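Below: one structure, written as structure tokens.
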Amino acid sequence: MGDHLTMPRYIMLRITESHNCICSFSPKPMEGDWNGAGCHTNFSVTPMREEGGFDVITKVCEAFGKVAAEHIAEYGEGNDKRLTGKHETCDINTFKFGVANRGASIRIPRETEKDGKGYMEDRRPAANCDPYRVTAKMMKTTGECLNPEPEAEAKPEEAAAAAAPAAAE
């Protein structure tokens with residue numbers, strides 16, 4: 001996502017500059033009763049697009065929920081002005097996911113549920129987010145969820161002690 005968003009932003013800034021206009025990527029550049037500007041991020045990894053992928057998506061969404069505050073911290077400045085729980089957003093301090101739920105933190109498309117595989121849409125990143133940081137956080141959480149680290153091996157002394165028969169009293 002990084003380069004695909006960074007280059008158009010750069011082009012937009014240069015074009016508006018040449019026309020004496022101002023372009024803002026603020027999540028809420030003007031106060032008022034409106035939804036603001038987000039950078040909804042469609043996301044999938046290979047297991048999500050294969051048979052049984054819907055269960056993988058659900059597992060990843062649950063993992064995102066456990067570290068929601070860490071994600072929000074990477075999703076752009078001023079996002080609290082946009083994520084109010086109104087205007088098809090979930091409150092910044094709440095995490096929920098659901099099928100076709102435009103008021104959820106993560107929306108799973110209806111077609112993904114129907115097909116049993118597909119992608120998810122994280123609706124929390126702000127328009128001013130750093131796409132590299134958003135992608136890194138999403139990939140890190142997904143990787144830890146789907147590929148948990150094996151338990152650390154016991155030290156040789158501990159393993160030997162555990163394998164030794166108990167001393168007779």
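Here's how to read the names in the structure tokens: chain A, B, ... by the order shown, residue numbers from 1 in each chain, ligand numbers from 1 in the order shown.
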Exercise: stretch 100-103 of chain A partners within 12 Å, only C-alpha atoms, chain neighbours under 2 positions left out, as a PyMOL selection string: chain A and resi 35+40+83-92+94-98+105-114+120-124
What does the file look like for those residues with N, CA, C and O atoms, as a CSV table (one decimal), in the first residue's frame?
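As written to disk, out.csv reads:
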chain,number,residue,atom,x,y,z
A,35,ASN,N,-18.5,12.9,8.0
A,35,ASN,CA,-17.8,11.7,8.4
A,35,ASN,C,-16.2,11.9,8.3
A,35,ASN,O,-15.5,11.0,8.8
A,40,HIS,N,-9.5,3.8,4.4
A,40,HIS,CA,-9.9,2.4,4.6
A,40,HIS,C,-9.0,1.5,3.9
A,40,HIS,O,-8.7,1.7,2.7
A,83,LEU,N,-13.2,9.3,14.2
A,83,LEU,CA,-13.8,8.0,14.7
A,83,LEU,C,-14.6,8.3,16.0
A,83,LEU,O,-14.2,8.1,17.1
A,84,THR,N,-15.8,8.8,15.7
A,84,THR,CA,-16.7,9.2,16.8
A,84,THR,C,-17.8,8.3,17.1
A,84,THR,O,-18.5,8.4,18.1
A,85,GLY,N,-18.0,7.3,16.3
A,85,GLY,CA,-19.1,6.4,16.4
A,85,GLY,C,-20.3,6.9,15.6
A,85,GLY,O,-21.4,6.2,15.5
A,86,LYS,N,-20.2,8.0,14.9
A,86,LYS,CA,-21.2,8.5,14.0
A,86,LYS,C,-20.7,8.4,12.6
A,86,LYS,O,-19.5,8.2,12.4
A,87,HIS,N,-21.6,8.7,11.7
A,87,HIS,CA,-21.2,8.7,10.3
A,87,HIS,C,-20.5,7.5,9.8
A,87,HIS,O,-19.4,7.6,9.2
A,88,GLU,N,-21.0,6.3,10.1
A,88,GLU,CA,-20.4,5.1,9.6
A,88,GLU,C,-19.0,4.9,10.1
A,88,GLU,O,-18.1,4.4,9.4
A,89,THR,N,-18.8,5.3,11.3
A,89,THR,CA,-17.5,5.0,12.0
A,89,THR,C,-17.7,4.3,13.3
A,89,THR,O,-18.8,4.5,13.9
A,90,CYS,N,-16.8,3.6,13.8
A,90,CYS,CA,-16.8,3.0,15.1
A,90,CYS,C,-16.0,4.0,16.0
A,90,CYS,O,-15.1,4.6,15.6
A,91,ASP,N,-16.5,4.2,17.3
A,91,ASP,CA,-15.8,5.0,18.2
A,91,ASP,C,-14.3,4.6,18.4
A,91,ASP,O,-14.0,3.4,18.4
A,92,ILE,N,-13.4,5.5,18.5
A,92,ILE,CA,-12.0,5.3,18.5
A,92,ILE,C,-11.6,4.3,19.7
A,92,ILE,O,-10.6,3.6,19.6
A,94,THR,N,-13.5,1.9,20.9
A,94,THR,CA,-14.3,0.6,20.8
A,94,THR,C,-13.7,-0.1,19.6
A,94,THR,O,-13.3,0.4,18.6
A,95,PHE,N,-13.8,-1.5,19.7
A,95,PHE,CA,-13.4,-2.3,18.5
A,95,PHE,C,-14.5,-3.3,18.3
A,95,PHE,O,-14.9,-4.0,19.2
A,96,LYS,N,-14.9,-3.4,17.0
A,96,LYS,CA,-15.8,-4.4,16.6
A,96,LYS,C,-15.6,-4.7,15.2
A,96,LYS,O,-15.1,-3.9,14.4
A,97,PHE,N,-16.0,-5.9,14.8
A,97,PHE,CA,-15.9,-6.3,13.3
A,97,PHE,C,-17.2,-7.0,13.0
A,97,PHE,O,-17.9,-7.5,13.8
A,98,GLY,N,-17.6,-6.9,11.7
A,98,GLY,CA,-18.8,-7.6,11.3
A,98,GLY,C,-18.9,-7.6,9.8
A,98,GLY,O,-18.3,-6.8,9.1
A,105,SER,N,-15.2,-1.3,13.2
A,105,SER,CA,-13.8,-1.0,13.0
A,105,SER,C,-13.3,-1.7,11.8
A,105,SER,O,-12.5,-1.2,11.0
A,106,ILE,N,-13.7,-3.0,11.6
A,106,ILE,CA,-13.3,-3.8,10.5
A,106,ILE,C,-14.6,-4.4,9.8
A,106,ILE,O,-15.4,-5.0,10.5
A,107,ARG,N,-14.8,-4.1,8.6
A,107,ARG,CA,-15.9,-4.6,7.8
A,107,ARG,C,-15.5,-5.7,7.0
A,107,ARG,O,-14.4,-5.7,6.3
A,108,ILE,N,-16.2,-6.8,7.0
A,108,ILE,CA,-16.0,-8.0,6.2
A,108,ILE,C,-17.1,-7.9,5.1
A,108,ILE,O,-18.3,-7.9,5.4
A,109,PRO,N,-16.7,-7.8,3.8
A,109,PRO,CA,-17.7,-7.7,2.8
A,109,PRO,C,-18.7,-8.9,2.7
A,109,PRO,O,-18.3,-10.0,3.1
A,110,ARG,N,-19.9,-8.6,2.4
A,110,ARG,CA,-20.9,-9.7,2.3
A,110,ARG,C,-20.5,-10.8,1.4
A,110,ARG,O,-20.7,-12.0,1.7
A,111,GLU,N,-19.9,-10.4,0.3
A,111,GLU,CA,-19.4,-11.5,-0.7
A,111,GLU,C,-18.3,-12.4,-0.1
A,111,GLU,O,-18.3,-13.6,-0.4
A,112,THR,N,-17.5,-11.8,0.8
A,112,THR,CA,-16.5,-12.6,1.5
A,112,THR,C,-17.1,-13.7,2.3
A,112,THR,O,-16.8,-14.9,2.3
A,113,GLU,N,-18.2,-13.3,3.1
A,113,GLU,CA,-18.9,-14.3,3.9
A,113,GLU,C,-19.6,-15.3,3.0
A,113,GLU,O,-19.5,-16.5,3.3
A,114,LYS,N,-20.2,-14.9,1.9
A,114,LYS,CA,-20.9,-15.8,1.0
A,114,LYS,C,-20.0,-16.8,0.4
A,114,LYS,O,-20.2,-18.0,0.4
A,120,MET,N,-10.7,-8.4,4.2
A,120,MET,CA,-11.3,-7.6,5.3
A,120,MET,C,-11.0,-6.1,5.0
A,120,MET,O,-10.0,-5.9,4.3
A,121,GLU,N,-11.7,-5.2,5.5
A,121,GLU,CA,-11.5,-3.8,5.4
A,121,GLU,C,-11.3,-3.1,6.7
A,121,GLU,O,-12.3,-3.1,7.5
A,122,ASP,N,-10.1,-2.7,7.0
A,122,ASP,CA,-9.9,-1.9,8.3
A,122,ASP,C,-10.3,-0.5,8.0
A,122,ASP,O,-9.7,0.2,7.2
A,123,ARG,N,-11.3,0.0,8.7
A,123,ARG,CA,-11.9,1.3,8.4
A,123,ARG,C,-11.3,2.4,9.3
A,123,ARG,O,-11.7,3.5,9.2
A,124,ARG,N,-10.3,2.0,10.1
A,124,ARG,CA,-9.8,3.0,11.1
A,124,ARG,C,-8.7,3.9,10.6
A,124,ARG,O,-8.6,5.0,11.1
Test item, alpha helix (DSSP H) assignment across stretch 83-142 of chain A, answer as a ChimeraX atom specification: /A:110-115,131-142
Take the residues that were just selected and, keeping N, CA and C atoms, output them as a PDB file, in the first residue's frame.
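For reference, out_5.pdb as written:
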ATOM      1  N   ARG A 110     -19.886  -8.620   2.403  1.00  0.00           N
ATOM      2  CA  ARG A 110     -20.918  -9.666   2.339  1.00  0.00           C
ATOM      3  C   ARG A 110     -20.483 -10.800   1.408  1.00  0.00           C
ATOM      4  N   GLU A 111     -19.856 -10.448   0.294  1.00  0.00           N
ATOM      5  CA  GLU A 111     -19.407 -11.460  -0.662  1.00  0.00           C
ATOM      6  C   GLU A 111     -18.338 -12.377  -0.064  1.00  0.00           C
ATOM      7  N   THR A 112     -17.495 -11.825   0.803  1.00  0.00           N
ATOM      8  CA  THR A 112     -16.480 -12.642   1.468  1.00  0.00           C
ATOM      9  C   THR A 112     -17.150 -13.694   2.334  1.00  0.00           C
ATOM     10  N   GLU A 113     -18.182 -13.288   3.072  1.00  0.00           N
ATOM     11  CA  GLU A 113     -18.911 -14.260   3.893  1.00  0.00           C
ATOM     12  C   GLU A 113     -19.575 -15.312   3.007  1.00  0.00           C
ATOM     13  N   LYS A 114     -20.214 -14.856   1.940  1.00  0.00           N
ATOM     14  CA  LYS A 114     -20.911 -15.772   1.031  1.00  0.00           C
ATOM     15  C   LYS A 114     -19.955 -16.788   0.410  1.00  0.00           C
ATOM     16  N   ASP A 115     -18.778 -16.320  -0.023  1.00  0.00           N
ATOM     17  CA  ASP A 115     -17.797 -17.196  -0.664  1.00  0.00           C
ATOM     18  C   ASP A 115     -16.983 -18.018   0.331  1.00  0.00           C
ATOM     19  N   PRO A 131       1.238   5.027   5.310  1.00  0.00           N
ATOM     20  CA  PRO A 131       0.829   3.707   4.810  1.00  0.00           C
ATOM     21  C   PRO A 131       1.824   2.595   5.139  1.00  0.00           C
ATOM     22  N   TYR A 132       3.082   2.940   5.296  1.00  0.00           N
ATOM     23  CA  TYR A 132       4.078   1.923   5.638  1.00  0.00           C
ATOM     24  C   TYR A 132       3.885   1.454   7.077  1.00  0.00           C
ATOM     25  N   ARG A 133       3.561   2.382   7.976  1.00  0.00           N
ATOM     26  CA  ARG A 133       3.327   2.022   9.378  1.00  0.00           C
ATOM     27  C   ARG A 133       2.034   1.228   9.526  1.00  0.00           C
ATOM     28  N   VAL A 134       1.001   1.615   8.782  1.00  0.00           N
ATOM     29  CA  VAL A 134      -0.270   0.880   8.831  1.00  0.00           C
ATOM     30  C   VAL A 134      -0.046  -0.554   8.346  1.00  0.00           C
ATOM     31  N   THR A 135       0.600  -0.691   7.215  1.00  0.00           N
ATOM     32  CA  THR A 135       0.858  -2.029   6.662  1.00  0.00           C
ATOM     33  C   THR A 135       1.715  -2.851   7.613  1.00  0.00           C
ATOM     34  N   ALA A 136       2.744  -2.253   8.177  1.00  0.00           N
ATOM     35  CA  ALA A 136       3.617  -2.986   9.105  1.00  0.00           C
ATOM     36  C   ALA A 136       2.844  -3.481  10.315  1.00  0.00           C
ATOM     37  N   LYS A 137       1.985  -2.641  10.880  1.00  0.00           N
ATOM     38  CA  LYS A 137       1.214  -3.045  12.063  1.00  0.00           C
ATOM     39  C   LYS A 137       0.231  -4.155  11.719  1.00  0.00           C
ATOM     40  N   MET A 138      -0.434  -4.031  10.570  1.00  0.00           N
ATOM     41  CA  MET A 138      -1.392  -5.062  10.165  1.00  0.00           C
ATOM     42  C   MET A 138      -0.678  -6.401   9.910  1.00  0.00           C
ATOM     43  N   MET A 139       0.445  -6.342   9.234  1.00  0.00           N
ATOM     44  CA  MET A 139       1.194  -7.571   8.931  1.00  0.00           C
ATOM     45  C   MET A 139       1.770  -8.202  10.204  1.00  0.00           C
ATOM     46  N   LYS A 140       2.254  -7.378  11.117  1.00  0.00           N
ATOM     47  CA  LYS A 140       2.822  -7.896  12.364  1.00  0.00           C
ATOM     48  C   LYS A 140       1.752  -8.624  13.169  1.00  0.00           C
ATOM     49  N   THR A 141       0.608  -7.993  13.345  1.00  0.00           N
ATOM     50  CA  THR A 141      -0.471  -8.618  14.113  1.00  0.00           C
ATOM     51  C   THR A 141      -0.961  -9.884  13.432  1.00  0.00           C
ATOM     52  N   THR A 142      -1.101  -9.841  12.115  1.00  0.00           N
ATOM     53  CA  THR A 142      -1.560 -11.016  11.363  1.00  0.00           C
ATOM     54  C   THR A 142      -0.548 -12.152  11.479  1.00  0.00           C
TER      55      THR A 142
END
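Atom pair atom CA of A:Gly38 / atom CA of A:Tyr75 has a distance of 9.7 Å (rounded to one decimal).
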Those of stretch 77-147 of chain A in DSSP strand (DSSP E or B), formatted as a PyMOL selection string: chain A and resi 97-99+106-108+120-122+126
Residues from the last selection, all heavy atoms, saved as a compact mmCIF listing (two decimals), in the first residue's frame:
# COMPACT_ATOMS: atom_id res chain seq x y z
N PHE A 97 -15.99 -5.91 14.76
CA PHE A 97 -15.93 -6.27 13.34
C PHE A 97 -17.22 -6.98 12.98
O PHE A 97 -17.91 -7.53 13.84
CB PHE A 97 -14.70 -7.14 13.04
CG PHE A 97 -14.69 -8.49 13.69
CD1 PHE A 97 -15.18 -9.61 13.02
CD2 PHE A 97 -14.17 -8.66 14.96
CE1 PHE A 97 -15.15 -10.87 13.61
CE2 PHE A 97 -14.13 -9.91 15.56
CZ PHE A 97 -14.62 -11.02 14.88
N GLY A 98 -17.56 -6.93 11.70
CA GLY A 98 -18.78 -7.59 11.27
C GLY A 98 -18.94 -7.57 9.77
O GLY A 98 -18.30 -6.79 9.07
N VAL A 99 -19.81 -8.44 9.31
CA VAL A 99 -20.10 -8.55 7.89
C VAL A 99 -21.00 -7.40 7.47
O VAL A 99 -22.03 -7.13 8.09
CB VAL A 99 -20.78 -9.90 7.58
CG1 VAL A 99 -21.23 -9.98 6.13
CG2 VAL A 99 -19.84 -11.06 7.92
N ILE A 106 -13.68 -3.01 11.64
CA ILE A 106 -13.31 -3.80 10.46
C ILE A 106 -14.58 -4.35 9.84
O ILE A 106 -15.39 -5.01 10.51
CB ILE A 106 -12.36 -4.96 10.84
CG1 ILE A 106 -11.04 -4.39 11.36
CG2 ILE A 106 -12.13 -5.87 9.64
CD1 ILE A 106 -10.04 -5.41 11.81
N ARG A 107 -14.75 -4.07 8.57
CA ARG A 107 -15.91 -4.55 7.82
C ARG A 107 -15.46 -5.72 6.97
O ARG A 107 -14.44 -5.67 6.28
CB ARG A 107 -16.47 -3.45 6.92
CG ARG A 107 -17.70 -3.87 6.11
CD ARG A 107 -18.13 -2.76 5.15
NE ARG A 107 -17.19 -2.61 4.07
CZ ARG A 107 -17.23 -3.31 2.93
NH1 ARG A 107 -18.15 -4.24 2.73
NH2 ARG A 107 -16.33 -3.09 1.99
N ILE A 108 -16.22 -6.80 7.02
CA ILE A 108 -15.99 -7.95 6.16
C ILE A 108 -17.08 -7.88 5.08
O ILE A 108 -18.27 -7.86 5.39
CB ILE A 108 -16.09 -9.28 6.95
CG1 ILE A 108 -15.07 -9.28 8.09
CG2 ILE A 108 -15.90 -10.47 6.02
CD1 ILE A 108 -15.26 -10.39 9.10
N MET A 120 -10.71 -8.41 4.24
CA MET A 120 -11.33 -7.59 5.27
C MET A 120 -10.95 -6.13 5.01
O MET A 120 -9.97 -5.87 4.32
CB MET A 120 -10.87 -8.03 6.66
CG MET A 120 -9.37 -8.02 6.84
SD MET A 120 -8.85 -8.82 8.36
CE MET A 120 -8.17 -7.40 9.22
N GLU A 121 -11.73 -5.21 5.55
CA GLU A 121 -11.48 -3.78 5.36
C GLU A 121 -11.32 -3.13 6.72
O GLU A 121 -12.28 -3.05 7.49
CB GLU A 121 -12.64 -3.14 4.61
CG GLU A 121 -12.54 -1.64 4.51
CD GLU A 121 -13.84 -0.97 4.08
OE1 GLU A 121 -14.92 -1.61 4.16
OE2 GLU A 121 -13.79 0.19 3.68
N ASP A 122 -10.11 -2.69 7.04
CA ASP A 122 -9.89 -1.94 8.28
C ASP A 122 -10.28 -0.50 7.99
O ASP A 122 -9.66 0.19 7.18
CB ASP A 122 -8.43 -2.04 8.72
CG ASP A 122 -8.23 -1.59 10.16
OD1 ASP A 122 -9.04 -0.77 10.65
OD2 ASP A 122 -7.25 -2.05 10.79
N ALA A 126 -6.62 6.80 9.19
CA ALA A 126 -7.02 8.15 8.78
C ALA A 126 -6.40 8.49 7.43
O ALA A 126 -5.43 7.87 6.99
CB ALA A 126 -6.56 9.16 9.83
Do you know which residues are at most 12 Å from A:Glu31 counting only C-alpha atoms, after dropping those on the same chain fewer than 6 positions away, and could you put them as an mmCIF file with C-alpha atoms, in the first residue's frame?
data_model
loop_
_atom_site.group_PDB
_atom_site.id
_atom_site.type_symbol
_atom_site.label_atom_id
_atom_site.label_comp_id
_atom_site.auth_asym_id
_atom_site.auth_seq_id
_atom_site.Cartn_x
_atom_site.Cartn_y
_atom_site.Cartn_z
ATOM 1 C CA ALA A 37 -11.541 11.493 5.563
ATOM 2 C CA GLY A 78 -6.300 13.528 14.726
ATOM 3 C CA LYS A 81 -12.050 13.719 15.471
ATOM 4 C CA ARG A 82 -13.160 11.260 12.769
#
Stretch 51-61 of chain A environment, 6 Å, only C-alpha atoms, sequence neighbours closer than 3 positions dropped, as a VMD selection string: chain A and resid 47 to 48 64 116 to 117 142
Atom CA of A:Cys129 to atom CA of A:Lys66, straight-line distance in Å: 20.9 Å
Selected residue of minimal separation from A:Pro29 among A:Ile15, A:Cys145, A:Ala127, A:Met1, counting only C-alpha atoms: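 Between A:Ile15, A:Cys145, A:Ala127, A:Met1, the residue approaching A:Pro29 most closely is A:Ala127.
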Atomic separation - atom CA of A:Leu146 relative to atom CA of A:Thr46, Å: 11.4 Å
Which of A:Cys21, A:Leu13, A:Met30, A:Cys39 sits closest to A:Asn128 [using only C-alpha atoms]: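 Going through A:Cys21, A:Leu13, A:Met30, A:Cys39 one by one, the smallest distance to A:Asn128 is for A:Cys39.
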Nearest residue to A:Arg49 from the set A:Asp33, A:Ser24, A:Gly118, A:Pro150 (distances using only C-alpha atoms):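 Looking only at the distances to A:Arg49, the closest residue turns out to be A:Gly118.
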A:Ala69 surroundings by only C-alpha atoms, 8 Å radius, close-in-sequence under 3 positions cut, as an MDAnalysis selection string: chainID A and resid 72:73 93
